[in-house]
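**Student:** Sending over my_file29.cif (mmCIF, C-alpha atoms).
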```cif
data_run
#
loop_
_atom_site.label_atom_id
_atom_site.label_comp_id
_atom_site.auth_asym_id
_atom_site.auth_seq_id
_atom_site.Cartn_x
_atom_site.Cartn_y
_atom_site.Cartn_z
CA ALA A 27 18.02 -11.00 9.16
CA TYR A 28 17.63 -10.77 12.94
CA VAL A 29 20.71 -8.56 13.25
CA GLU A 30 19.51 -6.32 10.41
CA ALA A 31 15.95 -5.91 11.70
CA ASN A 32 16.50 -6.02 15.45
CA VAL A 33 19.81 -4.23 15.83
CA ARG A 34 20.68 -2.04 12.85
CA CYS A 35 17.13 -0.84 12.20
CA PHE A 36 16.52 -0.28 15.92
CA VAL A 37 19.57 1.96 16.14
CA GLN A 38 18.42 3.87 13.05
CA ILE A 39 15.03 4.52 14.67
CA LEU A 40 16.67 5.79 17.87
CA GLU A 41 19.02 8.03 15.88
CA SER A 42 16.06 9.46 13.97
CA VAL A 43 14.16 10.22 17.17
CA HIS A 44 17.28 11.72 18.74
CA ALA A 45 17.74 13.97 15.71
CA ALA A 46 14.09 15.07 15.77
CA ASN A 47 13.02 15.32 19.42
CA ASN A 48 14.49 13.53 22.43
CA SER A 49 11.26 13.91 24.38
CA ILE A 50 9.29 11.56 22.10
CA PRO A 51 8.57 8.41 24.16
CA ILE A 52 9.37 5.08 22.48
CA THR A 53 7.80 1.72 23.24
CA TYR A 54 9.56 -1.18 21.53
CA ALA A 55 9.14 -4.95 21.30
CA SER A 56 11.55 -7.06 23.27
CA SER A 57 10.83 -10.76 23.85
CA SER A 58 10.59 -13.51 26.44
CA SER A 59 13.48 -15.03 24.48
CA VAL A 60 15.87 -12.78 26.41
CA TYR A 61 15.45 -15.17 29.37
CA GLY A 62 17.10 -17.96 27.36
CA THR A 63 18.36 -20.74 29.60
CA ASN A 64 17.10 -19.10 32.81
CA LYS A 65 15.75 -21.86 35.09
CA VAL A 66 14.17 -19.67 37.77
CA ILE A 67 10.40 -19.43 37.24
CA PRO A 68 8.34 -17.44 36.82
CA PHE A 69 10.58 -15.18 34.72
CA SER A 70 11.00 -11.77 36.34
CA GLU A 71 12.46 -8.51 35.07
CA LYS A 72 14.71 -8.69 38.14
CA HIS A 73 16.42 -11.84 36.85
CA GLN A 74 19.83 -11.65 35.18
CA VAL A 75 19.46 -12.31 31.46
CA ASP A 76 22.91 -12.98 30.03
CA SER A 77 22.43 -16.50 28.64
CA GLN A 78 20.18 -16.36 25.58
CA ALA A 79 19.55 -19.66 23.80
CA SER A 80 19.09 -18.18 20.31
CA LEU A 81 20.44 -15.43 18.08
CA TYR A 82 16.94 -13.91 18.07
CA GLY A 83 16.97 -13.71 21.86
CA ALA A 84 20.45 -12.18 21.82
CA THR A 85 19.37 -9.46 19.39
CA LYS A 86 16.36 -8.64 21.57
CA LYS A 87 18.59 -8.38 24.63
CA SER A 88 20.82 -6.06 22.60
CA ASN A 89 17.76 -3.83 22.06
CA GLU A 90 17.42 -3.45 25.81
CA ASN A 91 21.16 -2.71 26.18
CA ILE A 92 21.07 -0.17 23.36
CA ALA A 93 17.96 1.45 24.88
CA HIS A 94 19.87 1.88 28.13
CA VAL A 95 22.74 3.58 26.27
CA TYR A 96 20.48 6.02 24.40
CA ASN A 97 18.65 6.89 27.59
CA SER A 98 21.95 7.50 29.35
CA LEU A 99 23.56 9.52 26.55
CA HIS A 100 20.60 11.41 25.12
CA GLY A 101 17.76 11.12 27.62
CA LEU A 102 15.46 9.17 25.28
CA LYS A 103 12.38 7.69 26.96
CA LEU A 104 12.38 3.97 26.19
CA THR A 105 10.12 1.13 27.31
CA GLY A 106 10.80 -2.46 26.26
CA LEU A 107 8.03 -5.06 26.34
CA ARG A 108 8.96 -8.71 26.71
CA PHE A 109 6.17 -10.48 24.84
CA PHE A 110 5.36 -14.09 25.78
CA THR A 111 4.15 -16.38 22.95
CA VAL A 112 1.61 -14.05 21.39
CA TYR A 113 -1.23 -15.60 19.36
CA GLY A 114 -4.56 -14.62 17.83
CA PRO A 115 -6.20 -13.23 14.68
CA LEU A 116 -4.06 -11.64 11.97
CA GLY A 117 -1.00 -13.40 13.37
CA ARG A 118 2.10 -14.56 11.53
CA PRO A 119 1.56 -17.77 9.51
CA ASP A 120 4.98 -19.04 10.60
CA MET A 121 3.94 -19.18 14.26
CA ALA A 122 3.16 -22.64 15.68
CA TYR A 123 -0.55 -22.16 16.35
CA PHE A 124 -1.11 -20.80 12.82
CA GLY A 125 0.98 -23.49 11.15
CA PHE A 126 -0.70 -26.23 13.18
CA THR A 127 -4.11 -24.98 12.06
CA GLN A 128 -3.11 -24.98 8.40
CA ALA A 129 -1.56 -28.45 8.67
CA ILE A 130 -4.56 -29.99 10.44
CA LEU A 131 -6.91 -28.64 7.77
CA ALA A 132 -4.63 -29.94 5.01
CA GLY A 133 -4.18 -33.35 6.63
CA LYS A 134 -0.44 -32.80 6.93
CA ARG A 135 1.79 -34.02 9.73
CA ILE A 136 2.76 -31.62 12.51
CA THR A 137 5.73 -31.98 14.82
CA GLU A 138 5.43 -31.61 18.56
CA PHE A 139 8.83 -31.08 20.15
CA ARG A 140 9.63 -32.60 23.53
CA ASN A 141 12.41 -32.28 26.08
CA ALA A 142 15.21 -34.84 26.09
CA ASP A 143 13.53 -36.72 28.96
CA GLY A 144 10.24 -36.91 27.03
CA THR A 145 8.42 -34.26 29.06
CA GLU A 146 6.34 -31.69 27.20
CA LEU A 147 7.29 -28.13 26.33
CA MET A 148 5.21 -25.44 28.01
CA ARG A 149 4.47 -21.94 26.80
CA ASP A 150 2.88 -18.89 28.40
CA PHE A 151 0.45 -18.36 25.50
CA THR A 152 -0.79 -14.74 25.55
CA TYR A 153 -3.77 -13.60 23.49
CA ILE A 154 -3.32 -10.55 21.31
CA SER A 155 -5.96 -8.40 23.06
CA ASP A 156 -4.11 -8.76 26.37
CA ILE A 157 -0.86 -7.77 24.66
CA VAL A 158 -2.49 -4.73 23.07
CA SER A 159 -3.81 -3.55 26.44
CA GLY A 160 -0.27 -3.75 27.81
CA VAL A 161 1.22 -1.90 24.84
CA ILE A 162 -1.28 0.94 25.16
CA ALA A 163 -0.70 1.24 28.89
CA ALA A 164 3.08 1.34 28.36
CA MET A 165 2.74 4.06 25.71
CA ARG A 166 0.61 6.15 28.06
CA LEU A 167 3.05 5.73 30.94
CA GLU A 168 5.89 7.37 28.98
CA ALA A 169 8.50 6.00 31.38
CA LYS A 170 12.08 7.22 31.25
CA LEU A 171 13.55 3.72 31.01
CA GLU A 172 11.60 0.54 31.68
CA VAL A 173 11.19 -3.12 30.77
CA PHE A 174 7.99 -5.10 31.35
CA ASN A 175 6.91 -8.71 30.95
CA LEU A 176 3.62 -9.09 29.09
CA GLY A 177 2.43 -12.67 29.46
CA ASN A 178 -0.57 -14.70 30.52
CA THR A 179 1.00 -16.11 33.73
CA ARG A 180 -0.40 -19.61 32.96
CA PRO A 181 2.03 -21.88 31.10
CA GLU A 182 0.24 -24.58 29.07
CA LYS A 183 1.51 -27.73 27.39
CA VAL A 184 1.88 -27.51 23.62
CA SER A 185 -0.21 -30.68 23.42
CA LYS A 186 -3.12 -28.76 24.98
CA LEU A 187 -2.89 -26.17 22.20
CA ILE A 188 -3.01 -28.97 19.62
CA GLY A 189 -6.00 -30.54 21.37
CA LEU A 190 -7.92 -27.26 21.40
CA LEU A 191 -7.23 -26.77 17.69
CA GLU A 192 -8.42 -30.31 16.95
CA SER A 193 -11.63 -29.75 18.90
CA GLY A 194 -12.31 -26.35 17.33
CA LEU A 195 -11.65 -27.55 13.79
CA GLY A 196 -13.47 -30.85 14.25
CA ARG A 197 -10.48 -32.76 12.84
CA ARG A 198 -7.73 -34.94 14.23
CA ALA A 199 -4.13 -33.83 13.95
CA ASN A 200 -1.45 -36.13 12.53
CA VAL A 201 1.19 -35.59 15.21
CA SER A 202 4.76 -36.84 15.37
CA GLN A 203 7.19 -36.10 18.19
CA ALA A 204 10.79 -34.96 17.98
CA PRO A 205 13.52 -33.82 20.42
CA ILE A 206 13.60 -30.14 21.28
CA SER A 207 15.52 -28.18 18.67
CA ALA A 208 18.63 -26.10 19.32
CA GLY A 209 17.75 -22.57 20.42
CA ASP A 210 14.42 -23.58 21.96
CA VAL A 211 13.63 -23.66 25.70
CA PRO A 212 11.54 -26.04 27.84
CA MET A 213 9.23 -23.42 29.34
CA THR A 214 8.24 -19.77 29.33
CA TYR A 215 6.41 -18.33 32.32
CA ALA A 216 5.88 -14.62 32.93
CA ASP A 217 5.86 -12.84 36.26
CA VAL A 218 3.76 -9.76 35.42
CA SER A 219 3.71 -8.18 38.89
CA HIS A 220 5.80 -5.23 37.66
CA ALA A 221 3.45 -4.59 34.73
CA ARG A 222 0.44 -5.03 37.01
CA ALA A 223 1.78 -2.43 39.45
CA LEU A 224 2.81 0.25 36.94
CA LEU A 225 0.57 -0.44 33.94
CA GLY A 226 -2.50 -1.97 35.54
CA TYR A 227 -1.87 -4.97 33.28
CA SER A 228 -4.15 -7.94 33.93
CA PRO A 229 -4.39 -10.68 31.27
CA GLN A 230 -7.98 -11.85 30.78
CA VAL A 231 -8.07 -14.44 27.99
CA SER A 232 -7.49 -18.15 28.69
CA LEU A 233 -5.91 -20.40 26.07
CA ALA A 234 -9.24 -22.15 25.43
CA SER A 235 -11.06 -18.86 24.88
CA GLY A 236 -8.24 -17.43 22.79
CA VAL A 237 -8.04 -20.45 20.47
CA ARG A 238 -11.81 -20.32 20.00
CA ARG A 239 -11.64 -16.64 19.00
CA PHE A 240 -8.70 -17.28 16.69
CA LEU A 241 -10.49 -20.14 14.89
CA GLN A 242 -13.66 -18.08 14.47
CA TRP A 243 -11.60 -15.37 12.82
CA TYR A 244 -9.70 -17.95 10.73
CA SER A 245 -13.00 -19.46 9.56
CA ALA A 246 -14.33 -16.10 8.44
CA TYR A 247 -11.09 -14.86 6.92
CA TYR A 248 -10.21 -18.00 4.96
CA GLY A 249 -13.72 -19.26 4.34
CA ILE A 250 -13.48 -22.63 6.07
CA SER A 251 -16.23 -24.49 7.93
CA LEU A 252 -16.19 -25.17 11.67
CA PRO A 253 -18.34 -27.43 13.85
CA ASN A 254 -21.68 -25.97 14.94
CA GLU A 255 -20.51 -25.49 18.52
CA MET A 256 -17.97 -22.97 17.21
CA THR A 257 -20.68 -20.63 15.91
CA PRO A 258 -19.90 -17.16 17.32
CA THR A 259 -22.11 -15.83 20.07
CA ARG A 260 -23.57 -12.36 19.63
CA ARG A 261 -20.65 -10.91 21.56
CA GLU A 262 -18.07 -12.88 19.57
CA GLY A 263 -19.70 -11.85 16.31
CA ALA A 264 -19.57 -8.21 17.36
CA GLU A 265 -15.84 -8.55 18.06
CA LEU A 266 -15.24 -9.99 14.59
CA ARG A 267 -17.11 -7.09 13.00
CA GLU A 268 -15.62 -4.30 15.09
CA LYS A 269 -12.00 -5.43 15.40
CA TYR A 270 -11.46 -7.32 12.15
CA ASP A 271 -13.95 -5.78 9.71
CA ILE A 272 -15.71 -9.09 9.11
CA ALA A 273 -19.36 -8.68 8.18
CA GLY A 274 -20.49 -11.99 9.64
CA ALA A 275 -19.15 -15.32 10.80
CA GLY A 276 -20.63 -18.65 11.69
CA ALA A 277 -20.31 -22.39 11.36
CA GLY A 278 -20.62 -24.31 8.12
CA LYS A 279 -21.60 -22.25 5.09
CA GLY A 280 -21.76 -19.07 7.13
CA GLY A 281 -18.02 -19.17 7.71
CA ALA A 282 -17.33 -19.55 4.00
CA LYS A 283 -19.75 -16.77 3.16
CA ALA A 284 -18.09 -14.44 5.64
CA GLY A 285 -14.70 -15.24 4.13
CA ARG A 286 -15.93 -14.29 0.67
CA LYS A 287 -17.34 -11.04 1.99
CA LEU A 288 -14.01 -10.16 3.56
CA ARG A 289 -12.03 -10.88 0.42
CA THR A 290 -14.48 -8.88 -1.69
CA ALA A 291 -14.28 -5.94 0.69
CA GLY A 292 -10.49 -6.14 0.71
CA GLY A 293 -10.40 -6.22 -3.07
CA ALA A 294 -12.60 -3.16 -3.25
CA LYS A 295 -10.33 -1.30 -0.87
CA ARG A 296 -7.25 -2.21 -2.92
CA LYS A 297 -8.92 -1.02 -6.13
CA ALA A 298 -9.87 2.25 -4.47
CA ALA A 299 -6.30 2.71 -3.26
CA ARG A 300 -4.94 2.19 -6.77
CA ARG A 301 -7.21 4.95 -8.07
#
```
Turn this file's structure into structure tokens for me.
**Tutor:**
Amino acid sequence: AYVEANVRCFVQILESVHAANNSIPITYASSSSVYGTNKVIPFSEKHQVDSQASLYGATKKSNENIAHVYNSLHGLKLTGLRFFTVYGPLGRPDMAYFGFTQAILAGKRITEFRNADGTELMRDFTYISDIVSGVIAAMRLEAKLEVFNLGNTRPEKVSKLIGLLESGLGRRANVSQAPISAGDVPMTYADVSHARALLGYSPQVSLASGVRRFLQWYSAYYGISLPNEMTPTRREGAELREKYDIAGAGAGKGGAKAGRKLRTAGGAKRKAARR
């Protein structure tokens, strides 16, 4: 699946652009996974990245290699963005923060992986709004050939993420520990100086603030109750309305009510589309 989506489909997109108009700038998703077993931190675009730890990382590095070829042969403008552990509303349910949230609410066990020596894994968790600002800036730059790190520059322990979810949900997690799995890495840590210089990129959202925003969205979207201290402020409520089309969100019954409103609105839109 990774080879199909990340290699074959990527080449098809580049061929289509080449056939239509070589001057169309392309911004594509690479990944922090290209750094693989790199032990020099923080990770910089200047580092050699030839030792990926996973097939996914290898396919993302192939994107960057293929981009270089199409720029060299056809003059395509290509910018790759190495995303670092992106999280936030409307994310993929298979991502750790999303799966942890679902498991905690369901009372199911979650697994926290650790290094062989028992030390904790660390991730440069980057909130979606910071990523979006970087993507937009990269699209506007229209560089001939570039690669940028987009991260938060503050690696956090996975246990801190779990603790923030527990606090925000008002429930304890049932956590078991296991050795780090094959293909995973002990730490991700982005050096964003290159993106700061050329894109004006400056991540703003801390992990604590980002988890709070995610859980407020989750409460409204899925209709689950949160502790009173998680009630959105006026500013947070405005963000839910403007960015995620949620009419209202709050703790307790308010969160459930907002979730019903969203589902009703979505159903109405689907019916209209069918007509």
**Student:** So that each row is one residue of region 112-203 of chain A with an atom at most 12 Å from region 36-49 of chain A, can you give its shortest atom pair and the distance in Å to one decimal, using only C-alpha atoms, rows by chain and rising number, as CSV?
**Tutor:**
```
residue,atom,partner,partner_atom,distance
A:Glu168,CA,A:Ser49,CA,9.6
A:Ala169,CA,A:Ser49,CA,10.9
A:Lys170,CA,A:Ser49,CA,9.6
```
**Student:** Could you take the residues named above and write them with C-alpha atoms, as a CSV table (one decimal), in the frame of the given file?
**Tutor:**
```
chain,number,residue,atom,x,y,z
A,168,GLU,CA,5.9,7.4,29.0
A,169,ALA,CA,8.5,6.0,31.4
A,170,LYS,CA,12.1,7.2,31.2
```
**Student:** Could you name the residues that touch Gly236 (chain A) at 10 Å or less, counting all atoms listed in the file, but leaving out those on the same chain fewer than 2 positions away, as a PyMOL selection string?
**Tutor:** chain A and resi 113-115+151-155+190+230-234+238-242
**Student:** Report as a PDB file with C-alpha atoms, in the frame of the given file the full result of the PyMOL selection byres ((chain A and resi 167) around 10) when it is applied to this structure.
**Tutor:**
```pdb
ATOM      1  CA  PRO A  51       8.570   8.410  24.160  1.00  0.00           C
ATOM      2  CA  THR A  53       7.800   1.720  23.240  1.00  0.00           C
ATOM      3  CA  THR A 105      10.120   1.130  27.310  1.00  0.00           C
ATOM      4  CA  VAL A 161       1.220  -1.900  24.840  1.00  0.00           C
ATOM      5  CA  ILE A 162      -1.280   0.940  25.160  1.00  0.00           C
ATOM      6  CA  ALA A 163      -0.700   1.240  28.890  1.00  0.00           C
ATOM      7  CA  ALA A 164       3.080   1.340  28.360  1.00  0.00           C
ATOM      8  CA  MET A 165       2.740   4.060  25.710  1.00  0.00           C
ATOM      9  CA  ARG A 166       0.610   6.150  28.060  1.00  0.00           C
ATOM     10  CA  GLU A 168       5.890   7.370  28.980  1.00  0.00           C
ATOM     11  CA  ALA A 169       8.500   6.000  31.380  1.00  0.00           C
ATOM     12  CA  LYS A 170      12.080   7.220  31.250  1.00  0.00           C
ATOM     13  CA  LEU A 224       2.810   0.250  36.940  1.00  0.00           C
ATOM     14  CA  LEU A 225       0.570  -0.440  33.940  1.00  0.00           C
TER      15      LEU A 225
END
```
**Student:** Of the candidates A:Met121, A:Leu99, A:Ile50, A:Val33, which one gets nearest to Ala84 (chain A) if we count all atoms listed in the file?
**Tutor:**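 Once distances to Ala84 (chain A) are computed over all atoms listed in the file, the minimum belongs to A:Val33.
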**Student:** Once you count all atoms listed in the file, what closest atom pair and distance in Å to one decimal does each residue of region 181-255 of chain A within 12 Å of region 138-150 of chain A have, with rows by chain and rising residue number, as a tab-separated table?
**Tutor:**
```
residue	atom	partner	partner_atom	distance
A:Pro181	CA	A:Asp150	CA	4.1
A:Glu182	CA	A:Met148	CA	5.2
A:Lys183	CA	A:Met148	CA	4.4
A:Val184	CA	A:Met148	CA	5.9
A:Ser185	CA	A:Glu138	CA	7.5
A:Lys186	CA	A:Met148	CA	9.5
A:Leu187	CA	A:Arg149	CA	9.7
A:Ile188	CA	A:Glu138	CA	8.9
A:Gly189	CA	A:Glu138	CA	11.8
A:Ala199	CA	A:Glu138	CA	10.8
A:Asn200	CA	A:Glu138	CA	10.2
A:Val201	CA	A:Glu138	CA	6.7
A:Ser202	CA	A:Glu138	CA	6.2
A:Gln203	CA	A:Glu138	CA	4.8
A:Ala204	CA	A:Phe139	CA	4.9
A:Pro205	CA	A:Arg140	CA	5.1
A:Ile206	CA	A:Phe139	CA	5.0
A:Ser207	CA	A:Phe139	CA	7.4
A:Ala208	CA	A:Phe139	CA	11.0
A:Asp210	CA	A:Leu147	CA	9.5
A:Val211	CA	A:Leu147	CA	7.8
A:Pro212	CA	A:Leu147	CA	5.0
A:Met213	CA	A:Met148	CA	4.7
A:Thr214	CA	A:Arg149	CA	5.0
A:Tyr215	CA	A:Asp150	CA	5.3
A:Ala216	CA	A:Asp150	CA	6.9
A:Asp217	CA	A:Asp150	CA	10.4
A:Val218	CA	A:Asp150	CA	11.6
A:Pro229	CA	A:Asp150	CA	11.3
A:Val231	CA	A:Asp150	CA	11.8
A:Ser232	CA	A:Asp150	CA	10.4
A:Leu233	CA	A:Asp150	CA	9.2
```
**Student:** Which residue gives the smallest distance to His100 (chain A) among A:Leu171, A:Ile250, A:Ala79, A:Leu176, with all atoms listed in the file counted?
**Tutor:** A:Leu171
**Student:** To one decimal place in Å, what is the distance between CA of Arg108 (chain A) and CA of His220 (chain A)?
**Tutor:** 11.9 Å
